[in-house]
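Participant: I have a structure here, written as structure tokens, and I will follow up with some questions on it.
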Amino acid sequence: MAAHLSYGRVNLNILREAARKELREFLDKCAGSKAIVWDEYLTGPFGLIAQYSLLKEHEVEKMFTLKSGRLPSADVKNIIFFVRPRLELMDIIAENVFSEDKMHSPRDFHILFVPRRSMLCEQRLKEQGVLASFINIDEYILDLIPYDGDLLSMEYESAFRECYLENDQTSLYHTAKGLMTLQALYGTIPQIYGKGECARHVANMMLRMKREFAGSQNQILPVFDTLLLLDRNVDLLTPLATQLTYEGLIDEIYGITNGYVKLPPEKFAQKKQGEASKDLPTEPKKLQLNSAEELYAEIRDKNFNAVGAALSKKAKIISAAFEERHNAKTVGEIKQFVSQLPHMQAARSSLANHTSIAELIKDITSTVCFWGHLGVCASLVSASEAFFDNLTVEQEFMTGVDTDKVNTYIEDCVAQKDPLIKILRLVSMQSVCNNGLKQKVLDYYKREILQTYGYEHILTLNNLEKAGLLKLQSSSRNNYPTIRKTLKLWMEDANEQNPNDISYVYSGYAPLSVRLTQVLARPGWRSIEEVLKMLPGPHFEERQQLPAGLHKKRQQGENRTTLVFFLGGVSYAEIAALRFLSQMEDSGMEYIIATTKLLNGTTWIKSLMDRPESQSS
Amino acid sequence: MAFITANWNPLGEAFYRKTELYEMCWNLRDGLRDCLVAAAPYGGPIALLREPVRRSPSSRPQLEIYSASGVAIASFPWKSGPVVQLGWTVSDELLCIQEDGSVLIYDLFGSFKRHFSMGQEVMQSQVLEAKVFHSPYGTGVAIVTASSRFTLATNIDDLKLRRLPEVPGNTWSAGEPTCWVVLTQDRQTKVLMSNGPELYILDTTSCTAVVPPGLGPQAGSIVHMSVSFSYKYLALFTDTGHMWTGSSHLQVNTKKTTPPKQMVWCRRPKSQQPSVVLMWDRLLMVAGVTLTPDPRFPLEDPCVLIGELDGVRIISSANQELLQEVPLVCQEIFKIASMAPGALLLEAHREYQAASFGKCFLTDFSPEAFVSTCRELRVLNAVRERGVGLPLTHTQLVYRQFYPLAIEVCRYLKIPDYQGVSRVLKHWASCKVQQKDLSDEAIARAVCVKVGDSPGVSYSHIAAKAYECGRPELAIKLLDFEARSGEQVPLLLKMKRSQLALSKAVESGDTDLVYTVVTYLKSEMNRGDFFMTLRNQPVALSLYRQFCKLQEQETLKDLYNQDDDHQELANYYVTASYREKRLESRLSLLQTAVDEYNKAKNEFSAKATEEEMRLLRFQRKLDDEKGAGLLGLSLQATMEALLALGLHKQAEQLYRDFRVPDKRFWWLKLKSLAEKEEWEELEKFSKSKKSPIGYLAFVEVCMKSNNKPEAKKYVSKVTPEQRVKAHLAVGDLEGAADAAIERKSDSELAAVLARCPASDRQLLDRLNRAAAAAAKK
């Protein structure tokens, strides 16, 4: 069911199995039939750990969504609340428990806090007078959820906002705890590197926790050689840029949540021969995206411009495979052909799906690059032209062209009332690439935004300034060009088809975060001390003592494994770039990626927005 | 060697042997008669209560605690109520269950620890019988009252009382259930109870009648029952003298009609056969697979049987014996005419080092098992020493306060420190802090020197002990050594050291812990002090702000006020303004926001807020006058709405008053006019001054409204750079071609070529030629 988790260098299925075991143990604690009441936010992540069948095996007969009022009737012995430790949810639970008809059907109540129980919440339940109604109050430590064979996420949506706007480091505590769990399963990670305030904080907590559990450390041969902790605010630029890998674009355009994407159904209509497709499906098409699907694993990290070729090559291989049937003469050959049929049919339907997705994306992105460089206003252009113009401006910013002036394209987009988030992404990008904007330019943009999209966004702008995405240029010089040159963030001749550098993921721009990772592996951070000092927060190195006898004896040519943890989120394009580095023959390093949240520029900016007017009603 | 098998008694396939463990050190005047006796399993201690039923109010029974070898550990007069049952917990604590349902807990040395009650309803109707049982969840207590109701506590350390349902058609109201046992099955604790010939299983929700297979009604009433150590086997004894065992469907006729005093399973891991030991006044009998129970042993003294993992201990006033099935390996070695390898080896080397000798012959045999077995044997011998006790685990050793020996044992057995030595040290330290004759300073030093930073020793645990004994100063001193700051917090709060608790909570990084302390402080302190405390802890302060944002908006304002954080105050008022329905209140909140922004020297926001207020007033005025429904719209949306309503003058007024950039206003007006198809007005507008957005925009907007003639009017005004695109936009290929050729731009030529139909040979040629020329350059 989750075999794809175990294909990689590190078998992440161990983590999933550990999580499943714990879940089963909790369910068995509540003997008899049960109904689960879900905090809706948890259902997605939980789906990656256990399907309904597992719950059913342990007598879960009903599932409800947590909402205020009375619980739906269900003839079960136990009611279990699966919730995040949030006060507002406690109030709803209290309401549920109160309105339970006590005379009619006495049911046992239980709470399972994910990922950790909270005294604050229990106190709240006590104040509400329902704490004693619960037979079991437990925690389900689910910090890092395996999303793929090399990818872990906490799906902690507000992590960046909490850390950088609200000075609330709850997510970092969970991160440190999650890393401790990981070390319990995969051995102590001997080397820790980090860059940024949050990274420092997490490393400190990890070292402290290790001291606290001194002696109880496990005797497991370390699987990871290195842990690299990176603050998102060390590289604010990368998520702002439009991702140009296949997976990145799917996420940018349609949004991937918990490994699923919902797509417009038109292109997926089943066309039967001779039948006019009268009724088109109206429900969005929901597809799961992970490396369990062979074709997807192959193309997801490619630059979108190389996807077409890959798909047509695959199409040829598949049809050739189907043609094989004509060559099958003997019974044995036919039998062999038939045995391969299911696999071939799966491959064919996978190919059909991805061809449809690629078409959808192409409609939006295809670049008839005629008007782009003429600098024509983005007036009433088609979707694809708008996409191209947007990309052109992004690339201008990243290469440092005219970043100190008001940008005409942004002005035009405001005049056309393009989505606010798009504007915020672009302005932020300009600010980051210019190490802040001049007062006049910054005020102009802010005024444009307030006048066009409404005054209420003054709070959002304030947030962006606090997070460093918008900044007033201080007297010191703009050091972005130095960073760009030293780290080779812009590669003029990025090869999209057969990449030789990570810059292919943004068709020219090499993500800063991944460059830092690459340099760390070789030749080491000492070579870029100057640049590191320009980036926010401290950089550091820590070593963790391994118990005697657990030092790895490395085979000749054996790769090292690094866990890269992005605190505050990571984009699919960055993941693609790291995978590219893992696959590079001479890199000698394999990367496993972990993060607080999988994000793109849009979801990221959205998490930083404040909507006072939406609370007013 | 010859007499090794002398005390072996055959039963079926197996042999049973009874060996003496100790001659008891104790000197009991009246033997075990009229005593409540409880012995802990695994060679644990023995508790005796003489004459539990008081003869007169003045006579007090004596409670005595002995080691397994009979060495006195504690003795004191029992001053509390009548005791029904004694029992030991898994951690060697003595449970005394009283008639009134209260359970008193004593440690191994007879000091009272705590007590709990088995429920209110028990008070009225007295405990008739009680049992102490062990399960994976810990030690439990089960009682049955005179009103025939059972109450269970599965784990006395996490007390949850479960009252079991009534037995239907209950007929033993006259007396008591004939007999009952506690079972642990499928992680549930149940009671098995007999009532005459009937058997019932009681769990928390139901009462189910069960019929043991093969036990007919002619067997009679069940008068005694017993479950095995592992809860896997059941034995029943009936008033006709038949014994039934669950596993073998065996019915043995003991030819004894009196119920046995005790009936205990005698098994060992990998037993060859199940068997039960029955005890009557002067007789001990082992009943197993064969139909006639054998062997039998006469008894001289009253005895007590204690079921163990691998046999039965028999305690009498004089000695202690172990009755067990002879392990198969021993049988193979010592059985008459045995040809098993072990026997031959023994023959070859008649010494106990047989194995040592033998292992030399095995080349790829790992010596580890041998070495560790020898080690364990030596340890077990050491602790079996009369002064110590019996076969013990090291935990049991520690609890008996033989610290140096325990540490030696841990080191000798190479138990990892955090499981072994650390636990010993922790226990030692917990006792050390209770020594009243030493000063805080001396104890803290002693503990620190011995414990140091041994892994896994919880200083907060030791400190908690010190606090319990009324030594808060010592507790604080000890807490300082604790590495886990999170662990220190609850105790510090209990000790009312809230400030210290707060900084420790912050240090731990556990935000929930910080919240907990903050809520505690909030209820403890007056507001001023509370705020001051938070001020010194920025992390706690920002968490509290988060809390207030969700829960207490008013407090949030006070917090910002205290910090003179004008920027946040202003933002607060802005947010608050959106909650106001009335415009006046909204405006007054925004005015406050302006003042705060000014104080924060945030000119931009102050001005933007003032503009918003102006806009709101303007919108309200127009809404009143024209019913335009503008209130709350953005400036841009307001102008858009005004233009759509034809209120051009007012739109222009906003454009000027709010210094809207020309470009944006031109776009707005252009689109609005085209939408309303006011083409004349549009033309006039285009000529009002030079367009800041160029004229291609005009072309495209007209085309979007499908008005080609209007669009064409503006093509000529387009700048040369955009002319090709303008021509193409209105579908004028010729014009586009001319413009492209004139500009000699290859990309533009290519674009026109791409649109050129193949039929138009002439145009194609012209373009191709121009392209070639441009390329040459």
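Here, A, B, ... name the chains of the structure tokens in the order displayed, residue numbers run from 1 inside each chain, and ligands are numbered from 1 in the same displayed order.
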Please return as a PyMOL selection string: the residues of segment 176-382 of chain A that backbone DSSP assigns to alpha helix (DSSP H).
Facilitator: chain A and resi 176-186+197-212+237-240+246-253+294-299+307-327+331-365
Participant: Check segment 14-170 of chain B with DSSP on the backbone and list each residue it calls strand (DSSP E), as a PyMOL selection string.
Facilitator: chain B and resi 14-23+35-39+46-50+62-66+72-77+83-88+94-98+102-106+112-117+127-135+138-145+150-153+161-163
Participant: What does the distance between atom CA of Arg477 of chain A and atom CA of Ile449 of chain A come to in Å, to one decimal place?
Facilitator: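 These two atoms are separated by 26.9 Å.
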Participant: Identify every residue of chain B that has at least one atom within 8 Å of any atom of chain A, counting only C-alpha atoms, and report the result as a PDB file with N, CA, C and O atoms, in the first residue's frame.
Facilitator:
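The resulting file, part22.pdb, is reproduced below:
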```
ATOM      1  N   ASP B 417      23.497   1.352  31.890  1.00  0.00           N
ATOM      2  CA  ASP B 417      23.412   2.216  33.062  1.00  0.00           C
ATOM      3  C   ASP B 417      22.019   2.771  33.320  1.00  0.00           C
ATOM      4  O   ASP B 417      21.553   2.783  34.444  1.00  0.00           O
ATOM      5  N   TYR B 418      21.371   3.242  32.236  1.00  0.00           N
ATOM      6  CA  TYR B 418      20.102   3.921  32.484  1.00  0.00           C
ATOM      7  C   TYR B 418      19.025   2.967  32.976  1.00  0.00           C
ATOM      8  O   TYR B 418      18.049   3.363  33.583  1.00  0.00           O
ATOM      9  N   PRO B 455      23.098   8.974  33.492  1.00  0.00           N
ATOM     10  CA  PRO B 455      21.993   9.062  32.550  1.00  0.00           C
ATOM     11  C   PRO B 455      20.724   8.498  33.161  1.00  0.00           C
ATOM     12  O   PRO B 455      20.754   7.492  33.860  1.00  0.00           O
ATOM     13  N   GLY B 456      19.622   9.177  32.875  1.00  0.00           N
ATOM     14  CA  GLY B 456      18.325   8.627  33.261  1.00  0.00           C
ATOM     15  C   GLY B 456      17.931   8.829  34.707  1.00  0.00           C
ATOM     16  O   GLY B 456      16.903   8.344  35.131  1.00  0.00           O
ATOM     17  N   ALA B 483      18.470  18.282  34.304  1.00  0.00           N
ATOM     18  CA  ALA B 483      18.755  18.734  32.940  1.00  0.00           C
ATOM     19  C   ALA B 483      17.466  19.020  32.179  1.00  0.00           C
ATOM     20  O   ALA B 483      17.410  19.905  31.344  1.00  0.00           O
ATOM     21  N   ARG B 484      16.436  18.268  32.469  1.00  0.00           N
ATOM     22  CA  ARG B 484      15.178  18.449  31.735  1.00  0.00           C
ATOM     23  C   ARG B 484      14.374  19.568  32.363  1.00  0.00           C
ATOM     24  O   ARG B 484      13.706  19.356  33.369  1.00  0.00           O
ATOM     25  N   SER B 508      12.722  25.117  28.202  1.00  0.00           N
ATOM     26  CA  SER B 508      12.452  23.797  27.638  1.00  0.00           C
ATOM     27  C   SER B 508      12.007  23.864  26.192  1.00  0.00           C
ATOM     28  O   SER B 508      12.107  22.881  25.460  1.00  0.00           O
ATOM     29  N   GLY B 509      11.517  25.026  25.765  1.00  0.00           N
ATOM     30  CA  GLY B 509      11.053  25.140  24.392  1.00  0.00           C
ATOM     31  C   GLY B 509       9.655  24.588  24.187  1.00  0.00           C
ATOM     32  O   GLY B 509       9.076  24.728  23.118  1.00  0.00           O
ATOM     33  N   ASP B 510       9.103  23.984  25.217  1.00  0.00           N
ATOM     34  CA  ASP B 510       7.772  23.402  25.100  1.00  0.00           C
ATOM     35  C   ASP B 510       6.743  24.508  25.346  1.00  0.00           C
ATOM     36  O   ASP B 510       6.527  24.930  26.472  1.00  0.00           O
ATOM     37  N   THR B 511       6.113  24.957  24.276  1.00  0.00           N
ATOM     38  CA  THR B 511       5.242  26.116  24.403  1.00  0.00           C
ATOM     39  C   THR B 511       4.009  25.807  25.242  1.00  0.00           C
ATOM     40  O   THR B 511       3.488  26.682  25.916  1.00  0.00           O
ATOM     41  N   ASP B 512       3.574  24.586  25.190  1.00  0.00           N
ATOM     42  CA  ASP B 512       2.402  24.230  25.995  1.00  0.00           C
ATOM     43  C   ASP B 512       2.705  24.412  27.484  1.00  0.00           C
ATOM     44  O   ASP B 512       1.881  24.871  28.256  1.00  0.00           O
ATOM     45  N   LEU B 513       3.923  24.060  27.836  1.00  0.00           N
ATOM     46  CA  LEU B 513       4.353  24.213  29.223  1.00  0.00           C
ATOM     47  C   LEU B 513       4.382  25.694  29.602  1.00  0.00           C
ATOM     48  O   LEU B 513       3.964  26.073  30.696  1.00  0.00           O
ATOM     49  N   TYR B 515       2.585  28.046  28.250  1.00  0.00           N
ATOM     50  CA  TYR B 515       1.181  28.450  28.384  1.00  0.00           C
ATOM     51  C   TYR B 515       0.638  28.056  29.761  1.00  0.00           C
ATOM     52  O   TYR B 515      -0.068  28.809  30.419  1.00  0.00           O
ATOM     53  N   THR B 516       0.977  26.832  30.170  1.00  0.00           N
ATOM     54  CA  THR B 516       0.464  26.343  31.444  1.00  0.00           C
ATOM     55  C   THR B 516       0.907  27.242  32.581  1.00  0.00           C
ATOM     56  O   THR B 516       0.101  27.625  33.431  1.00  0.00           O
ATOM     57  N   VAL B 539       9.497  35.475  25.225  1.00  0.00           N
ATOM     58  CA  VAL B 539       8.878  34.307  24.585  1.00  0.00           C
ATOM     59  C   VAL B 539       7.496  34.062  25.172  1.00  0.00           C
ATOM     60  O   VAL B 539       6.513  33.866  24.452  1.00  0.00           O
ATOM     61  N   SER B 542       5.056  36.785  23.961  1.00  0.00           N
ATOM     62  CA  SER B 542       4.457  36.654  22.627  1.00  0.00           C
ATOM     63  C   SER B 542       3.464  35.502  22.576  1.00  0.00           C
ATOM     64  O   SER B 542       2.473  35.570  21.849  1.00  0.00           O
ATOM     65  N   LEU B 543       3.712  34.456  23.359  1.00  0.00           N
ATOM     66  CA  LEU B 543       2.727  33.371  23.401  1.00  0.00           C
ATOM     67  C   LEU B 543       1.423  33.852  24.023  1.00  0.00           C
ATOM     68  O   LEU B 543       0.342  33.528  23.556  1.00  0.00           O
ATOM     69  N   GLN B 546      -0.528  35.748  21.574  1.00  0.00           N
ATOM     70  CA  GLN B 546      -1.213  34.841  20.662  1.00  0.00           C
ATOM     71  C   GLN B 546      -2.523  34.369  21.278  1.00  0.00           C
ATOM     72  O   GLN B 546      -3.555  34.342  20.638  1.00  0.00           O
ATOM     73  N   ASN B 571      -2.614  48.723  14.594  1.00  0.00           N
ATOM     74  CA  ASN B 571      -3.161  47.566  13.879  1.00  0.00           C
ATOM     75  C   ASN B 571      -4.366  46.991  14.629  1.00  0.00           C
ATOM     76  O   ASN B 571      -5.338  46.572  14.022  1.00  0.00           O
ATOM     77  N   THR B 575      -8.113  46.544  13.095  1.00  0.00           N
ATOM     78  CA  THR B 575      -8.886  45.299  13.140  1.00  0.00           C
ATOM     79  C   THR B 575     -10.223  45.536  13.834  1.00  0.00           C
ATOM     80  O   THR B 575     -11.261  45.090  13.361  1.00  0.00           O
ATOM     81  N   TYR B 578     -13.186  47.052  11.935  1.00  0.00           N
ATOM     82  CA  TYR B 578     -13.979  46.214  11.036  1.00  0.00           C
ATOM     83  C   TYR B 578     -15.082  45.455  11.771  1.00  0.00           C
ATOM     84  O   TYR B 578     -15.964  44.890  11.153  1.00  0.00           O
ATOM     85  N   ARG B 579     -14.975  45.426  13.092  1.00  0.00           N
ATOM     86  CA  ARG B 579     -16.035  44.751  13.844  1.00  0.00           C
ATOM     87  C   ARG B 579     -17.209  45.683  14.136  1.00  0.00           C
ATOM     88  O   ARG B 579     -18.229  45.262  14.632  1.00  0.00           O
ATOM     89  N   GLU B 580     -17.011  46.992  13.850  1.00  0.00           N
ATOM     90  CA  GLU B 580     -18.058  47.972  14.146  1.00  0.00           C
ATOM     91  C   GLU B 580     -19.061  48.054  13.008  1.00  0.00           C
ATOM     92  O   GLU B 580     -18.687  48.105  11.842  1.00  0.00           O
ATOM     93  N   PHE B 604       3.359  56.584   6.486  1.00  0.00           N
ATOM     94  CA  PHE B 604       2.589  56.023   5.378  1.00  0.00           C
ATOM     95  C   PHE B 604       1.245  55.497   5.863  1.00  0.00           C
ATOM     96  O   PHE B 604       0.195  55.830   5.323  1.00  0.00           O
ATOM     97  N   SER B 605       1.289  54.687   6.917  1.00  0.00           N
ATOM     98  CA  SER B 605       0.055  54.068   7.394  1.00  0.00           C
ATOM     99  C   SER B 605      -0.910  55.113   7.938  1.00  0.00           C
ATOM    100  O   SER B 605      -2.124  55.009   7.747  1.00  0.00           O
ATOM    101  N   ALA B 608      -2.458  56.667   4.942  1.00  0.00           N
ATOM    102  CA  ALA B 608      -3.352  55.718   4.269  1.00  0.00           C
ATOM    103  C   ALA B 608      -4.654  55.584   5.060  1.00  0.00           C
ATOM    104  O   ALA B 608      -5.727  55.490   4.483  1.00  0.00           O
ATOM    105  N   THR B 609      -4.526  55.602   6.386  1.00  0.00           N
ATOM    106  CA  THR B 609      -5.718  55.455   7.219  1.00  0.00           C
ATOM    107  C   THR B 609      -6.597  56.704   7.110  1.00  0.00           C
ATOM    108  O   THR B 609      -7.821  56.618   7.023  1.00  0.00           O
ATOM    109  N   GLU B 612      -8.444  56.475   4.011  1.00  0.00           N
ATOM    110  CA  GLU B 612      -9.559  55.535   4.121  1.00  0.00           C
ATOM    111  C   GLU B 612     -10.762  56.212   4.793  1.00  0.00           C
ATOM    112  O   GLU B 612     -11.905  56.027   4.378  1.00  0.00           O
ATOM    113  N   LEU B 633     -16.179  49.718  -0.232  1.00  0.00           N
ATOM    114  CA  LEU B 633     -15.438  49.352  -1.448  1.00  0.00           C
ATOM    115  C   LEU B 633     -14.050  49.988  -1.406  1.00  0.00           C
ATOM    116  O   LEU B 633     -13.834  50.998  -0.738  1.00  0.00           O
ATOM    117  N   SER B 634     -13.131  49.422  -2.183  1.00  0.00           N
ATOM    118  CA  SER B 634     -11.822  50.043  -2.309  1.00  0.00           C
ATOM    119  C   SER B 634     -11.968  51.286  -3.175  1.00  0.00           C
ATOM    120  O   SER B 634     -12.998  51.480  -3.832  1.00  0.00           O
ATOM    121  N   LEU B 635     -10.931  52.123  -3.177  1.00  0.00           N
ATOM    122  CA  LEU B 635     -10.991  53.344  -3.978  1.00  0.00           C
ATOM    123  C   LEU B 635     -11.238  52.999  -5.448  1.00  0.00           C
ATOM    124  O   LEU B 635     -12.093  53.591  -6.115  1.00  0.00           O
ATOM    125  N   GLN B 636     -10.486  52.031  -5.928  1.00  0.00           N
ATOM    126  CA  GLN B 636     -10.600  51.639  -7.336  1.00  0.00           C
ATOM    127  C   GLN B 636     -12.022  51.150  -7.633  1.00  0.00           C
ATOM    128  O   GLN B 636     -12.633  51.583  -8.606  1.00  0.00           O
ATOM    129  N   ALA B 637     -12.538  50.307  -6.758  1.00  0.00           N
ATOM    130  CA  ALA B 637     -13.883  49.772  -6.974  1.00  0.00           C
ATOM    131  C   ALA B 637     -14.917  50.893  -6.901  1.00  0.00           C
ATOM    132  O   ALA B 637     -15.925  50.869  -7.611  1.00  0.00           O
ATOM    133  N   LYS B 663      -2.066  56.423 -15.183  1.00  0.00           N
ATOM    134  CA  LYS B 663      -2.177  55.165 -15.921  1.00  0.00           C
ATOM    135  C   LYS B 663      -3.380  54.360 -15.449  1.00  0.00           C
ATOM    136  O   LYS B 663      -4.167  53.866 -16.247  1.00  0.00           O
ATOM    137  N   ARG B 664      -3.461  54.211 -14.125  1.00  0.00           N
ATOM    138  CA  ARG B 664      -4.516  53.362 -13.599  1.00  0.00           C
ATOM    139  C   ARG B 664      -5.887  53.950 -13.904  1.00  0.00           C
ATOM    140  O   ARG B 664      -6.809  53.236 -14.294  1.00  0.00           O
ATOM    141  N   TRP B 667      -6.767  53.460 -17.637  1.00  0.00           N
ATOM    142  CA  TRP B 667      -7.224  52.094 -17.876  1.00  0.00           C
ATOM    143  C   TRP B 667      -8.675  51.913 -17.430  1.00  0.00           C
ATOM    144  O   TRP B 667      -9.497  51.360 -18.141  1.00  0.00           O
ATOM    145  N   LEU B 668      -8.934  52.432 -16.242  1.00  0.00           N
ATOM    146  CA  LEU B 668     -10.252  52.271 -15.638  1.00  0.00           C
ATOM    147  C   LEU B 668     -11.311  52.908 -16.518  1.00  0.00           C
ATOM    148  O   LEU B 668     -12.330  52.294 -16.855  1.00  0.00           O
ATOM    149  N   ALA B 697      -3.594  49.884 -26.113  1.00  0.00           N
ATOM    150  CA  ALA B 697      -4.639  49.528 -25.148  1.00  0.00           C
ATOM    151  C   ALA B 697      -6.020  49.854 -25.709  1.00  0.00           C
ATOM    152  O   ALA B 697      -6.955  49.058 -25.566  1.00  0.00           O
ATOM    153  N   GLU B 700      -6.962  47.286 -28.340  1.00  0.00           N
ATOM    154  CA  GLU B 700      -7.310  45.979 -27.790  1.00  0.00           C
ATOM    155  C   GLU B 700      -8.637  46.005 -27.044  1.00  0.00           C
ATOM    156  O   GLU B 700      -9.428  45.063 -27.137  1.00  0.00           O
ATOM    157  N   VAL B 701      -8.880  47.082 -26.298  1.00  0.00           N
ATOM    158  CA  VAL B 701     -10.137  47.174 -25.554  1.00  0.00           C
ATOM    159  C   VAL B 701     -11.317  47.215 -26.524  1.00  0.00           C
ATOM    160  O   VAL B 701     -12.335  46.539 -26.317  1.00  0.00           O
ATOM    161  N   GLU B 721       6.877  50.857 -32.161  1.00  0.00           N
ATOM    162  CA  GLU B 721       7.241  49.559 -31.584  1.00  0.00           C
ATOM    163  C   GLU B 721       6.039  48.617 -31.474  1.00  0.00           C
ATOM    164  O   GLU B 721       6.175  47.400 -31.510  1.00  0.00           O
ATOM    165  N   GLN B 722       4.864  49.203 -31.281  1.00  0.00           N
ATOM    166  CA  GLN B 722       3.688  48.362 -31.051  1.00  0.00           C
ATOM    167  C   GLN B 722       2.795  48.268 -32.277  1.00  0.00           C
ATOM    168  O   GLN B 722       1.757  47.621 -32.231  1.00  0.00           O
ATOM    169  N   SER B 747      12.017  39.248 -35.569  1.00  0.00           N
ATOM    170  CA  SER B 747      11.025  38.564 -34.733  1.00  0.00           C
ATOM    171  C   SER B 747       9.625  39.002 -35.126  1.00  0.00           C
ATOM    172  O   SER B 747       8.692  38.194 -35.159  1.00  0.00           O
ATOM    173  N   GLU B 748       9.466  40.305 -35.427  1.00  0.00           N
ATOM    174  CA  GLU B 748       8.157  40.791 -35.842  1.00  0.00           C
ATOM    175  C   GLU B 748       7.772  40.204 -37.192  1.00  0.00           C
ATOM    176  O   GLU B 748       6.626  39.795 -37.409  1.00  0.00           O
ATOM    177  N   ALA B 751       6.594  36.780 -36.708  1.00  0.00           N
ATOM    178  CA  ALA B 751       5.255  36.722 -36.130  1.00  0.00           C
ATOM    179  C   ALA B 751       4.190  36.949 -37.192  1.00  0.00           C
ATOM    180  O   ALA B 751       3.147  36.288 -37.193  1.00  0.00           O
TER     181      ALA B 751
END
```
Participant: As a PyMOL selection string, please: the residues near Asn9 of chain B (cut-off 9 Å, only C-alpha atoms, same-chain neighbours under 6 positions excluded).
Facilitator: chain B and resi 15-18+294-295
Participant: Considering only C-alpha atoms, return as a list in words whatever protein or nucleic-acid residues lie within 10 Å of Thr719 of chain B, sequence-local ones (same chain, fewer than 6 positions apart) excluded.
Facilitator: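 In the requested format, the answer is Gly694, Tyr695, Leu696 and Ala726 of chain B.
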Participant: Quick one: everything within 10 Å of Lys79 of chain B, counting only C-alpha atoms, minus sequence neighbours fewer than 5 positions away in the same chain. Send it as JSON, numbers by chain.
Facilitator: {"B": [59, 60, 61, 62, 63]}
Participant: The selected residues should be written to file as a JSON list (two decimals), in the first residue's frame (atoms: all heavy atoms).
Facilitator:
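For reference, selection_38.json as written:
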```
[["chain", "number", "residue", "atom", "x", "y", "z"],
["B", 59, "SER", "N", -7.55, -5.45, 71.99],
["B", 59, "SER", "CA", -6.44, -6.22, 71.42],
["B", 59, "SER", "C", -6.19, -5.78, 69.99],
["B", 59, "SER", "O", -7.09, -5.72, 69.17],
["B", 59, "SER", "CB", -6.75, -7.71, 71.47],
["B", 59, "SER", "OG", -7.64, -8.06, 70.45],
["B", 60, "ARG", "N", -4.96, -5.46, 69.75],
["B", 60, "ARG", "CA", -4.62, -5.03, 68.40],
["B", 60, "ARG", "C", -3.81, -6.09, 67.71],
["B", 60, "ARG", "O", -2.82, -6.57, 68.26],
["B", 60, "ARG", "CB", -3.78, -3.75, 68.47],
["B", 60, "ARG", "CG", -4.62, -2.57, 68.93],
["B", 60, "ARG", "CD", -4.09, -1.30, 68.33],
["B", 60, "ARG", "NE", -5.09, -0.26, 68.44],
["B", 60, "ARG", "CZ", -4.89, 0.88, 69.08],
["B", 60, "ARG", "NH1", -3.74, 1.12, 69.65],
["B", 60, "ARG", "NH2", -5.85, 1.77, 69.13],
["B", 61, "PRO", "N", -4.22, -6.48, 66.51],
["B", 61, "PRO", "CA", -3.42, -7.48, 65.80],
["B", 61, "PRO", "C", -2.07, -6.88, 65.40],
["B", 61, "PRO", "O", -1.93, -5.67, 65.27],
["B", 61, "PRO", "CB", -4.26, -7.80, 64.55],
["B", 61, "PRO", "CG", -5.17, -6.64, 64.37],
["B", 61, "PRO", "CD", -5.36, -6.01, 65.71],
["B", 62, "GLN", "N", -1.11, -7.73, 65.18],
["B", 62, "GLN", "CA", 0.23, -7.29, 64.83],
["B", 62, "GLN", "C", 0.46, -7.56, 63.34],
["B", 62, "GLN", "O", 0.16, -8.63, 62.83],
["B", 62, "GLN", "CB", 1.25, -8.08, 65.68],
["B", 62, "GLN", "CG", 2.66, -7.56, 65.61],
["B", 62, "GLN", "CD", 2.84, -6.29, 66.46],
["B", 62, "GLN", "OE1", 1.93, -5.90, 67.21],
["B", 62, "GLN", "NE2", 3.99, -5.65, 66.29],
["B", 63, "LEU", "N", 0.98, -6.56, 62.61],
["B", 63, "LEU", "CA", 1.32, -6.75, 61.20],
["B", 63, "LEU", "C", 2.83, -6.92, 61.10],
["B", 63, "LEU", "O", 3.59, -6.09, 61.60],
["B", 63, "LEU", "CB", 0.87, -5.55, 60.36],
["B", 63, "LEU", "CG", 1.08, -5.72, 58.87],
["B", 63, "LEU", "CD1", 0.11, -6.74, 58.29],
["B", 63, "LEU", "CD2", 0.90, -4.39, 58.16]]
```
